[in-house]
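A.B. asks: So I've got this file, my_file.csv, and it contains CSV, C-alpha atoms:
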```
chain,number,residue,atom,x,y,z
A,1,MET,CA,-15.3,-0.2,16.3
A,2,HIS,CA,-15.9,3.3,15.0
A,3,PHE,CA,-13.8,6.0,13.4
A,4,THR,CA,-12.9,9.6,14.4
A,5,SER,CA,-13.6,10.8,10.9
A,6,SER,CA,-16.8,12.8,10.7
A,7,PRO,CA,-20.0,11.0,10.0
A,8,LYS,CA,-21.0,11.0,6.3
A,9,LYS,CA,-22.3,14.5,5.3
A,10,SER,CA,-23.6,15.8,2.1
A,11,LEU,CA,-20.7,17.1,0.0
A,12,GLY,CA,-20.2,20.7,0.6
A,13,GLU,CA,-20.9,20.6,4.3
A,14,GLY,CA,-18.3,20.4,7.0
A,15,TRP,CA,-15.3,20.2,4.6
A,16,GLY,CA,-13.4,23.3,5.8
A,17,THR,CA,-12.5,26.2,3.6
A,18,PHE,CA,-12.3,25.0,0.0
A,19,SER,CA,-12.4,26.9,-3.2
A,20,SER,CA,-15.4,26.5,-5.5
A,21,GLY,CA,-13.1,24.8,-8.0
A,22,TYR,CA,-12.0,22.2,-5.4
A,23,MET,CA,-15.6,21.5,-4.3
A,24,ALA,CA,-16.6,21.0,-8.0
A,25,ALA,CA,-13.7,18.6,-8.4
A,26,LEU,CA,-14.6,16.7,-5.2
A,27,ARG,CA,-18.3,16.5,-6.2
A,28,SER,CA,-17.3,15.0,-9.5
A,29,CYS,CA,-15.8,12.0,-7.7
A,30,PHE,CA,-19.2,11.1,-6.4
A,31,SER,CA,-22.2,10.3,-8.4
A,32,LYS,CA,-25.6,9.7,-6.8
A,33,LYS,CA,-25.2,6.1,-7.5
A,34,GLN,CA,-21.9,6.0,-5.7
A,35,LEU,CA,-23.3,7.7,-2.7
A,36,LYS,CA,-26.3,5.3,-2.5
A,37,ARG,CA,-23.9,2.3,-2.8
A,38,GLN,CA,-21.7,3.7,0.0
A,39,GLN,CA,-24.7,4.1,2.3
A,40,LYS,CA,-26.0,0.6,1.5
A,41,GLU,CA,-22.6,-1.1,1.8
A,42,LYS,CA,-21.2,0.8,4.7
A,43,TRP,CA,-19.7,-1.4,7.4
A,44,SER,CA,-21.2,-1.2,10.9
A,45,PHE,CA,-18.5,-2.2,13.3
A,46,ARG,CA,-19.3,-3.6,16.8
A,47,VAL,CA,-18.3,-1.1,19.5
A,48,GLY,CA,-15.1,-2.1,21.4
A,49,LYS,CA,-13.9,-4.6,18.8
A,50,GLN,CA,-10.3,-3.9,18.3
A,51,VAL,CA,-8.6,-4.7,15.1
A,52,LEU,CA,-4.8,-4.8,14.8
A,53,LEU,CA,-3.7,-3.8,11.3
A,54,TYR,CA,-0.2,-5.1,11.0
A,55,GLY,CA,2.6,-5.1,8.4
A,56,GLU,CA,6.2,-4.1,7.7
A,57,LYS,CA,7.2,-0.6,6.6
A,58,ASN,CA,5.9,0.5,3.2
A,59,CYS,CA,3.7,-2.5,2.8
A,60,GLY,CA,0.5,-0.4,2.2
A,61,LYS,CA,-1.1,-0.2,5.7
A,62,THR,CA,-1.9,3.5,5.4
A,63,THR,CA,-3.5,3.1,2.0
A,64,VAL,CA,-5.7,0.3,3.4
A,65,ILE,CA,-6.9,2.6,6.1
A,66,LYS,CA,-7.7,5.3,3.6
A,67,GLN,CA,-9.6,2.9,1.4
A,68,LEU,CA,-11.6,1.7,4.4
A,69,ASN,CA,-12.5,5.2,5.4
A,70,TYR,CA,-13.4,6.0,1.9
A,71,TRP,CA,-15.5,2.9,1.6
A,72,ASN,CA,-17.3,3.6,4.9
A,73,TYR,CA,-17.7,7.4,4.8
A,74,GLY,CA,-16.6,8.8,1.5
A,75,VAL,CA,-13.9,10.6,3.5
A,76,VAL,CA,-11.0,12.0,1.4
A,77,TYR,CA,-9.1,14.6,3.3
A,78,ASP,CA,-9.7,17.8,5.3
A,79,ASP,CA,-7.2,20.2,3.8
A,80,TYR,CA,-6.1,19.7,0.2
A,81,LYS,CA,-3.2,22.2,0.7
A,82,GLU,CA,-1.6,19.7,3.1
A,83,VAL,CA,-2.0,17.0,0.5
A,84,ILE,CA,-0.2,19.2,-2.0
A,85,LYS,CA,2.6,19.7,0.4
A,86,GLU,CA,3.0,16.0,0.8
A,87,ILE,CA,3.0,15.4,-2.9
A,88,ASN,CA,5.6,18.1,-3.5
A,89,SER,CA,7.7,16.5,-0.8
A,90,ILE,CA,7.5,13.2,-2.5
A,91,VAL,CA,8.5,14.7,-5.9
A,92,ARG,CA,11.4,16.6,-4.4
A,93,ASN,CA,12.8,13.7,-2.4
A,94,ALA,CA,12.5,11.3,-5.4
A,95,VAL,CA,14.2,13.7,-7.8
A,96,LEU,CA,17.0,14.4,-5.3
A,97,CYS,CA,17.4,10.7,-4.6
A,98,ILE,CA,17.7,9.9,-8.3
A,99,ILE,CA,20.3,12.6,-8.8
A,100,SER,CA,22.3,11.5,-5.7
A,101,LYS,CA,22.3,7.8,-6.8
A,102,LEU,CA,23.1,8.6,-10.5
A,103,SER,CA,26.5,10.1,-9.4
A,104,GLN,CA,27.3,6.9,-7.4
A,105,GLU,CA,26.6,4.4,-10.1
A,106,ASP,CA,29.5,2.5,-11.6
A,107,PRO,CA,29.3,2.1,-14.5
A,108,LEU,CA,27.4,5.4,-15.1
A,109,VAL,CA,23.8,5.2,-16.1
A,110,GLU,CA,23.3,5.5,-19.9
A,111,MET,CA,21.2,8.5,-20.5
A,112,THR,CA,19.2,8.6,-23.7
A,113,GLU,CA,19.3,12.4,-24.0
A,114,PRO,CA,22.7,14.2,-24.0
A,115,GLU,CA,21.2,17.3,-22.3
A,116,THR,CA,19.9,15.3,-19.3
A,117,GLN,CA,23.2,15.8,-17.5
A,118,CYS,CA,22.7,19.5,-17.6
A,119,HIS,CA,19.4,19.2,-15.9
A,120,VAL,CA,21.0,16.9,-13.3
A,121,GLU,CA,23.7,19.4,-12.6
A,122,TYR,CA,21.3,22.3,-12.4
A,123,ILE,CA,19.0,20.7,-9.8
A,124,GLU,CA,22.0,19.4,-7.8
A,125,SER,CA,23.7,22.8,-7.7
A,126,ARG,CA,20.5,24.3,-6.1
A,127,LYS,CA,19.4,21.3,-4.0
A,128,ASP,CA,19.3,23.4,-0.8
A,129,GLN,CA,16.8,25.8,-2.5
A,130,TRP,CA,14.1,23.4,-3.2
A,131,SER,CA,12.2,23.6,0.1
A,132,THR,CA,9.5,25.2,-2.1
A,133,LEU,CA,9.1,23.8,-5.6
A,134,SER,CA,9.2,26.4,-8.3
A,135,ALA,CA,8.2,26.3,-12.0
A,136,ASP,CA,12.0,26.1,-12.6
A,137,PHE,CA,12.3,22.9,-10.6
A,138,PHE,CA,9.4,21.2,-12.3
A,139,GLU,CA,10.8,22.1,-15.8
A,140,HIS,CA,14.2,20.4,-15.0
A,141,ALA,CA,12.6,17.5,-13.1
A,142,LYS,CA,10.3,16.8,-16.0
A,143,ALA,CA,13.3,16.8,-18.4
A,144,LEU,CA,15.2,14.4,-16.1
A,145,TRP,CA,12.2,12.0,-15.8
A,146,GLN,CA,11.6,12.0,-19.5
A,147,ASP,CA,15.0,10.4,-20.1
A,148,GLU,CA,14.1,6.8,-20.7
A,149,GLY,CA,17.6,5.6,-19.5
A,150,VAL,CA,17.1,7.3,-16.1
A,151,LYS,CA,13.6,6.1,-15.8
A,152,GLU,CA,14.5,2.5,-16.6
A,153,TRP,CA,17.5,2.6,-14.2
A,154,PHE,CA,15.4,4.0,-11.3
A,155,MET,CA,12.6,1.4,-11.7
A,156,GLN,CA,15.2,-1.4,-11.4
A,157,SER,CA,17.1,0.2,-8.6
A,158,PRO,CA,16.9,-1.1,-4.9
A,159,GLU,CA,15.4,2.3,-3.9
A,160,TYR,CA,12.4,1.8,-6.2
A,161,GLY,CA,10.8,-0.7,-3.9
A,162,ALA,CA,10.5,1.9,-1.1
A,163,MET,CA,9.7,4.8,-3.5
A,164,SER,CA,7.5,3.1,-6.1
A,165,PHE,CA,4.7,5.6,-5.1
A,166,ALA,CA,7.0,8.4,-6.5
A,167,LYS,CA,6.7,7.2,-10.0
A,168,TYR,CA,2.9,7.9,-10.0
A,169,PHE,CA,3.6,11.6,-9.2
A,170,LEU,CA,6.7,11.9,-11.5
A,171,ASP,CA,4.5,10.8,-14.3
A,172,ARG,CA,2.0,13.6,-13.4
A,173,LEU,CA,4.5,16.5,-13.1
A,174,ASP,CA,2.6,18.6,-15.8
A,175,ILE,CA,-0.5,18.4,-13.7
A,176,ILE,CA,1.1,18.9,-10.3
A,177,LYS,CA,2.9,22.0,-11.3
A,178,GLN,CA,-0.3,23.9,-12.2
A,179,THR,CA,-1.0,26.8,-9.8
A,180,ASP,CA,-4.7,25.7,-9.5
A,181,TYR,CA,-3.9,22.0,-9.0
A,182,VAL,CA,-6.3,20.1,-6.8
A,183,PRO,CA,-5.4,16.5,-5.8
A,184,THR,CA,-7.8,13.8,-6.9
A,185,VAL,CA,-8.9,10.9,-4.7
A,186,GLN,CA,-6.4,8.7,-6.5
A,187,ASP,CA,-3.6,11.2,-5.8
A,188,TYR,CA,-4.6,11.1,-2.1
A,189,PHE,CA,-4.4,7.3,-2.1
A,190,TRP,CA,-0.8,7.4,-3.5
A,191,CYS,CA,0.3,9.8,-0.7
A,192,LYS,CA,2.0,8.1,2.3
A,193,SER,CA,0.5,10.4,4.9
A,194,LYS,CA,-2.9,9.7,6.4
A,195,PHE,CA,-4.3,13.2,6.9
A,196,ALA,CA,-8.0,13.0,7.9
A,197,SER,CA,-8.2,9.3,7.6
A,198,ARG,CA,-7.1,8.6,11.1
A,199,PRO,CA,-8.9,5.7,12.8
A,200,ASP,CA,-10.0,5.7,16.4
A,201,PRO,CA,-8.0,4.0,19.1
A,202,ASP,CA,-9.8,0.7,18.5
A,203,PHE,CA,-8.1,0.4,15.2
A,204,MET,CA,-4.4,0.0,15.9
A,205,ILE,CA,-1.5,0.1,13.4
A,206,ARG,CA,1.8,-1.6,14.1
A,207,GLU,CA,4.8,-2.3,12.0
A,208,TRP,CA,6.8,-5.6,11.8
A,209,PRO,CA,9.7,-5.6,14.2
A,210,SER,CA,13.1,-5.9,12.6
A,211,THR,CA,13.3,-9.5,13.8
A,212,CYS,CA,10.7,-12.3,14.2
A,213,SER,CA,10.5,-11.7,18.0
A,214,VAL,CA,7.2,-10.4,19.6
A,215,THR,CA,8.0,-7.5,21.9
A,216,LYS,CA,6.2,-7.0,25.2
A,217,PHE,CA,4.6,-3.8,23.7
A,218,LEU,CA,3.4,-5.7,20.7
A,219,LEU,CA,2.2,-8.6,22.9
A,220,HIS,CA,-0.2,-6.2,24.7
A,221,ALA,CA,-1.5,-5.0,21.4
A,222,ILE,CA,-2.1,-8.6,20.3
A,223,LEU,CA,-3.9,-9.7,23.5
A,224,ASP,CA,-6.2,-6.6,23.3
A,225,SER,CA,-7.2,-7.4,19.8
A,226,HIS,CA,-10.1,-9.3,18.4
A,227,MET,CA,-8.8,-9.7,14.9
A,228,PHE,CA,-5.7,-9.2,12.8
A,229,ILE,CA,-5.5,-7.6,9.4
A,230,VAL,CA,-2.0,-8.4,8.1
A,231,VAL,CA,-0.8,-6.6,5.0
A,232,ILE,CA,2.0,-8.3,3.0
A,233,ASP,CA,4.1,-6.7,0.3
A,234,CYS,CA,4.3,-9.5,-2.2
A,235,SER,CA,6.6,-7.6,-4.5
A,236,ARG,CA,9.4,-8.1,-2.0
A,237,PHE,CA,9.8,-11.8,-2.9
A,238,ASP,CA,13.3,-11.0,-4.2
A,239,GLU,CA,14.4,-9.0,-1.1
A,240,TYR,CA,16.2,-10.4,2.0
A,241,ASN,CA,16.7,-9.9,5.7
A,242,ASP,CA,20.2,-11.1,6.6
A,243,ASN,CA,20.3,-13.4,3.5
A,244,TYR,CA,16.9,-14.9,4.4
A,245,SER,CA,13.9,-14.5,2.0
A,246,LYS,CA,11.5,-11.7,3.2
A,247,LEU,CA,8.5,-13.9,2.2
A,248,LYS,CA,9.8,-16.7,4.5
A,249,ASP,CA,10.5,-14.1,7.2
A,250,LEU,CA,6.9,-12.8,7.0
A,251,ILE,CA,5.5,-16.3,7.3
A,252,SER,CA,7.7,-16.8,10.4
A,253,MET,CA,6.3,-13.5,11.8
A,254,LEU,CA,2.7,-14.7,11.3
A,255,LYS,CA,3.5,-17.8,13.3
A,256,SER,CA,5.2,-15.7,16.0
A,257,ILE,CA,2.1,-13.6,16.4
A,258,ASN,CA,-0.2,-16.6,16.6
A,259,ASN,CA,2.1,-18.4,19.0
A,260,ALA,CA,2.3,-15.4,21.3
A,261,ALA,CA,-1.5,-14.9,21.2
A,262,THR,CA,-2.2,-18.6,21.9
A,263,ARG,CA,0.5,-18.9,24.6
A,264,HIS,CA,-0.7,-15.9,26.6
A,265,GLY,CA,-4.4,-16.1,25.9
A,266,SER,CA,-7.0,-17.7,28.1
A,267,SER,CA,-7.4,-20.7,25.7
A,268,THR,CA,-5.3,-22.8,23.4
A,269,THR,CA,-8.1,-22.8,20.8
A,270,PRO,CA,-7.8,-20.4,17.9
A,271,LYS,CA,-9.6,-17.1,18.8
A,272,PHE,CA,-7.7,-14.7,16.7
A,273,PRO,CA,-9.0,-14.6,13.1
A,274,PHE,CA,-6.6,-13.4,10.4
A,275,LEU,CA,-7.4,-11.4,7.3
A,276,VAL,CA,-4.3,-11.5,5.2
A,277,LEU,CA,-4.0,-9.0,2.3
A,278,LEU,CA,-1.4,-10.0,-0.3
A,279,ASN,CA,-0.7,-6.4,-1.4
A,280,LYS,CA,1.2,-4.7,-4.2
A,281,GLN,CA,0.1,-7.2,-6.8
A,282,ASP,CA,0.8,-4.6,-9.5
A,283,GLN,CA,4.4,-4.3,-8.5
A,284,LEU,CA,4.7,-8.0,-8.2
A,285,VAL,CA,3.7,-8.4,-11.8
A,286,VAL,CA,6.3,-5.8,-12.9
A,287,LYS,CA,9.1,-7.7,-11.1
A,288,LEU,CA,8.0,-11.1,-12.4
A,289,ARG,CA,8.0,-9.8,-16.0
A,290,SER,CA,11.4,-8.2,-15.6
A,291,CYS,CA,12.9,-11.7,-14.8
A,292,ILE,CA,15.8,-10.0,-12.9
A,293,ARG,CA,15.3,-12.5,-10.1
A,294,LYS,CA,13.1,-15.6,-10.3
A,295,LEU,CA,10.8,-16.9,-7.6
A,296,GLU,CA,12.3,-20.4,-7.8
A,297,ASN,CA,15.7,-19.1,-6.7
A,298,ASP,CA,14.3,-19.0,-3.2
A,299,PHE,CA,11.4,-21.4,-3.6
A,300,PRO,CA,12.7,-24.4,-5.7
A,301,ASN,CA,9.3,-26.1,-5.5
A,302,PHE,CA,7.8,-23.3,-7.6
A,303,ALA,CA,9.4,-24.9,-10.6
A,304,ASP,CA,6.9,-27.8,-10.4
A,305,TYR,CA,4.0,-25.8,-9.1
A,306,THR,CA,0.7,-26.1,-11.0
A,307,VAL,CA,-2.1,-23.6,-10.9
A,308,PRO,CA,-4.9,-24.8,-8.6
A,309,GLU,CA,-8.4,-25.3,-9.9
A,310,ASP,CA,-9.8,-22.3,-8.0
A,311,ALA,CA,-7.2,-20.0,-9.6
A,312,CYS,CA,-8.6,-16.9,-11.4
A,313,SER,CA,-6.2,-14.8,-13.5
A,314,SER,CA,-6.5,-11.1,-14.1
A,315,SER,CA,-7.0,-9.8,-17.6
A,316,GLY,CA,-3.6,-9.8,-19.3
A,317,ASP,CA,-1.8,-12.0,-16.8
A,318,GLU,CA,0.4,-14.6,-18.4
A,319,LEU,CA,0.8,-18.1,-17.0
A,320,LEU,CA,4.0,-17.2,-15.0
A,321,VAL,CA,2.2,-14.3,-13.2
A,322,THR,CA,-0.9,-16.4,-12.4
A,323,ARG,CA,1.3,-19.3,-11.1
A,324,ALA,CA,3.4,-16.9,-9.0
A,325,LYS,CA,0.4,-15.1,-7.4
A,326,HIS,CA,-1.2,-18.4,-6.4
A,327,PHE,CA,2.0,-19.9,-5.2
A,328,ILE,CA,2.5,-17.0,-2.8
A,329,ARG,CA,-1.1,-17.2,-1.8
A,330,ASP,CA,-0.7,-21.0,-1.1
A,331,LEU,CA,2.5,-20.3,1.0
A,332,PHE,CA,0.4,-18.1,3.4
A,333,GLN,CA,-2.7,-20.2,3.3
A,334,ASN,CA,-0.8,-23.4,4.2
A,335,ALA,CA,1.0,-21.6,7.0
A,336,LEU,CA,-2.3,-20.3,8.4
A,337,LYS,CA,-3.9,-23.8,8.1
A,338,GLU,CA,-1.0,-25.3,10.1
A,339,MET,CA,-1.2,-22.5,12.7
A,340,LEU,CA,-5.0,-22.2,13.2
A,341,LYS,CA,-6.2,-25.7,12.5
A,342,ASP,CA,-9.4,-24.2,11.3
A,343,GLU,CA,-10.0,-22.6,7.8
A,344,THR,CA,-12.8,-20.5,9.1
A,345,TYR,CA,-10.3,-18.4,11.1
A,346,PHE,CA,-8.5,-16.9,8.1
A,347,CYS,CA,-9.1,-15.2,4.8
A,348,VAL,CA,-6.5,-14.4,2.2
A,349,HIS,CA,-7.0,-11.9,-0.7
A,350,PHE,CA,-4.9,-10.4,-3.5
A,351,THR,CA,-4.9,-6.6,-3.2
A,352,THR,CA,-3.5,-3.5,-4.8
A,353,ALA,CA,-4.3,-1.1,-2.1
A,354,ILE,CA,-4.2,2.1,-4.2
A,355,ASP,CA,-6.8,0.7,-6.6
A,356,ARG,CA,-10.3,1.6,-5.5
A,357,ASP,CA,-12.1,-1.0,-7.6
A,358,THR,CA,-9.9,-3.8,-6.3
A,359,MET,CA,-10.3,-2.8,-2.7
A,360,ASN,CA,-14.1,-2.4,-3.1
A,361,GLU,CA,-14.2,-6.0,-4.3
A,362,VAL,CA,-12.1,-7.2,-1.4
A,363,PHE,CA,-14.2,-5.4,1.2
A,364,LEU,CA,-17.3,-7.0,-0.3
A,365,LYS,CA,-15.8,-10.4,-0.1
A,366,CYS,CA,-14.6,-9.9,3.5
A,367,GLU,CA,-17.9,-8.9,4.8
A,368,SER,CA,-19.2,-12.3,5.7
A,369,PHE,CA,-15.9,-13.3,7.3
A,370,LEU,CA,-16.0,-10.2,9.5
A,371,LYS,CA,-19.6,-10.9,10.5
A,372,GLN,CA,-18.9,-14.5,11.2
A,373,HIS,CA,-16.3,-13.4,13.8
A,374,LYS,CA,-18.6,-10.7,15.2
A,375,ILE,CA,-16.4,-7.8,14.0
A,376,LEU,CA,-19.3,-6.4,12.1
A,377,LYS,CA,-22.9,-6.2,13.2
```
Please express the file's structure as structure tokens.
C.D. replies:
Amino acid sequence: MHFTSSPKKSLGEGWGTFSSGYMAALRSCFSKKQLKRQQKEKWSFRVGKQVLLYGEKNCGKTTVIKQLNYWNYGVVYDDYKEVIKEINSIVRNAVLCIISKLSQEDPLVEMTEPETQCHVEYIESRKDQWSTLSADFFEHAKALWQDEGVKEWFMQSPEYGAMSFAKYFLDRLDIIKQTDYVPTVQDYFWCKSKFASRPDPDFMIREWPSTCSVTKFLLHAILDSHMFIVVIDCSRFDEYNDNYSKLKDLISMLKSINNAATRHGSSTTPKFPFLVLLNKQDQLVVKLRSCIRKLENDFPNFADYTVPEDACSSSGDELLVTRAKHFIRDLFQNALKEMLKDETYFCVHFTTAIDRDTMNEVFLKCESFLKQHKILK
């Protein structure tokens, strides 16, 4: 498998028309040591090996692609102005969504600052004028976001799950509003659009269907693939599809994919290795600590769950977080063991796709698994 992104070049060559300030900022992202590491650790995919990257909407698939391209090529994006447009769109949509939902809340959201309502009314009265964000918009949006009552309400609202990436940019309004603003690599990872990081046809991206059925179109994609990378949004443990836990739904979907692949394949033996990325661990931690909904509400056996011997907790993780992470990991590992009958055919990792260090560690750990199944040379 190869990518359509340009081969690695020295920074400053083949990057389009950028200002000197932009190029200086981009170069600062790369030290000589980083470039040598990338050259040494770059993955060499076997030609014609198709990988199906799969996951439901907003689970982090796009960010995984960006991280993979950055890992392999140091590719960020071709046109930083397009990235700025995307960031402004995220900020505008988030602010307008917050204002719209505030007026629908009953009881009303308790704002910590009395003047916040004036900023809400100002932005709402001109909502049709914000196709281009002005300094005026940023001033009122910042005042709105600085209200702790509004911020706390938004982060606990149902909309936050699908717009969690917006918080990152709302926290950076003072930087984004600058006329000479240049997006950082991390800013790019938080954007939803792919821009230059578009993989070639061998690397297919599909979203979960709305039900656990495998469509004919999806079946063709499955049978043409040599491996599955499945991205799971673990922070949705408290969300439901028709009163059915999303985590249980995702496990059922894994089984549906494998059953379809085995039933229509040339052999009943496992031939479709799975790499499962348990993503959005950062948001999972936030939800667990909020205690708004407990994991044992949908998984009663979590109450008696003990941390396995191979468990490793991240710095600052309390026992509840460590137990929950590994409980969710065991749910998927046990399902994969039952499906594939062979532990060498699956690999499960905790990920936070927007974090470069975390993803670098995961890519390193996955290398032997991918070579074993002849995805890498």
A.B. asks: Residues within 9 Å of Ala141 (chain A), please, as an NGL selection string. Count all atoms listed in the file; anything in the same chain fewer than 2 positions from it doesn't count.
C.D. replies: :A and (91-92 or 95 or 119-120 or 123 or 136-139 or 143-146 or 170 or 173)
A.B. asks: Just give me the gap between CA of Ile229 (chain A) and CA of Leu52 (chain A) in Å, one decimal is fine.
C.D. replies: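 So the answer is 6.1 Å.
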A.B. asks: For a test of reading the model, state the distance in Å between CA of Ile292 (chain A) and CA of Tyr240 (chain A), rounded to one decimal.
C.D. replies: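 Interatomic distance here is 14.9 Å.
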A.B. asks: From the options A:Ser235, A:Asn72, A:Asn360, A:Gln129, which residue's atoms come nearest to Leu284 (chain A), counting all atoms listed in the file?
C.D. replies: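 Using all atoms listed in the file, Leu284 (chain A) sits closest to A:Ser235.
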A.B. asks: Enter the distance from CA of Val285 (chain A) to CA of Asp233 (chain A), in Å, rounded to one decimal.
C.D. replies: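 Computing it gives 12.2 Å between the two atoms.
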A.B. asks: Would you please work out which residue, of A:Lys246, A:Glu296, A:Phe274, A:Val150, is nearest to His226 (chain A) when using all atoms listed in the file?
C.D. replies: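 Under the stated criterion, the closest residue is A:Phe274.
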A.B. asks: When you count all atoms listed in the file, which of these residues is closest to Asn88 (chain A): A:Gln283, A:Gln50, A:Thr63, A:Thr132?
C.D. replies: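 Ranking A:Gln283, A:Gln50, A:Thr63, A:Thr132 by distance to Asn88 (chain A), first place goes to A:Thr132.
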A.B. asks: Kindly indicate which residue among A:Phe272, A:Phe189, A:Trp153, A:Tyr122 lies nearest to Glu86 (chain A), using all atoms listed in the file for the distances.
C.D. replies: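 Distance minimum relative to Glu86 (chain A) lands on A:Phe189.
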A.B. asks: Hey, which of A:Lys287, A:Ala260, A:Asn297, A:Asp330 ends up closest to Gln156 (chain A)? Count all atoms listed in the file.
C.D. replies: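 Under the stated criterion, the closest residue is A:Lys287.
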A.B. asks: Any idea what's packed within 8 Å of Tyr305 (chain A), counting only C-alpha atoms, ignoring anything in its chain fewer than 2 positions away? Could you give it as a CSV table (one decimal) with C-alpha atoms, keeping the file's coordinate frame?
C.D. replies:
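To be explicit, this is the file written out as selection20.csv:
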```csv
chain,number,residue,atom,x,y,z
A,301,ASN,CA,9.3,-26.1,-5.5
A,302,PHE,CA,7.8,-23.3,-7.6
A,303,ALA,CA,9.4,-24.9,-10.6
A,307,VAL,CA,-2.1,-23.6,-10.9
A,323,ARG,CA,1.3,-19.3,-11.1
A,327,PHE,CA,2.0,-19.9,-5.2
```
A.B. asks: Could you list as a list in words every residue that has an atom within 9 Å of (-13.6, -14.9, 18.6), using the file's coordinates and counting all atoms listed in the file?
C.D. replies: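 Final list of nearby residues, as requested, is His226, Met227, Pro270, Lys271, Phe272, Pro273, Tyr345, His373, Lys374 and Ile375 of chain A.
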A.B. asks: Choose the residue, out of A:Glu110, A:Val276, A:Asp357, A:Gln104, that has the smallest atom-to-atom separation from Ala335 (chain A); count only C-alpha atoms.
C.D. replies: A:Val276
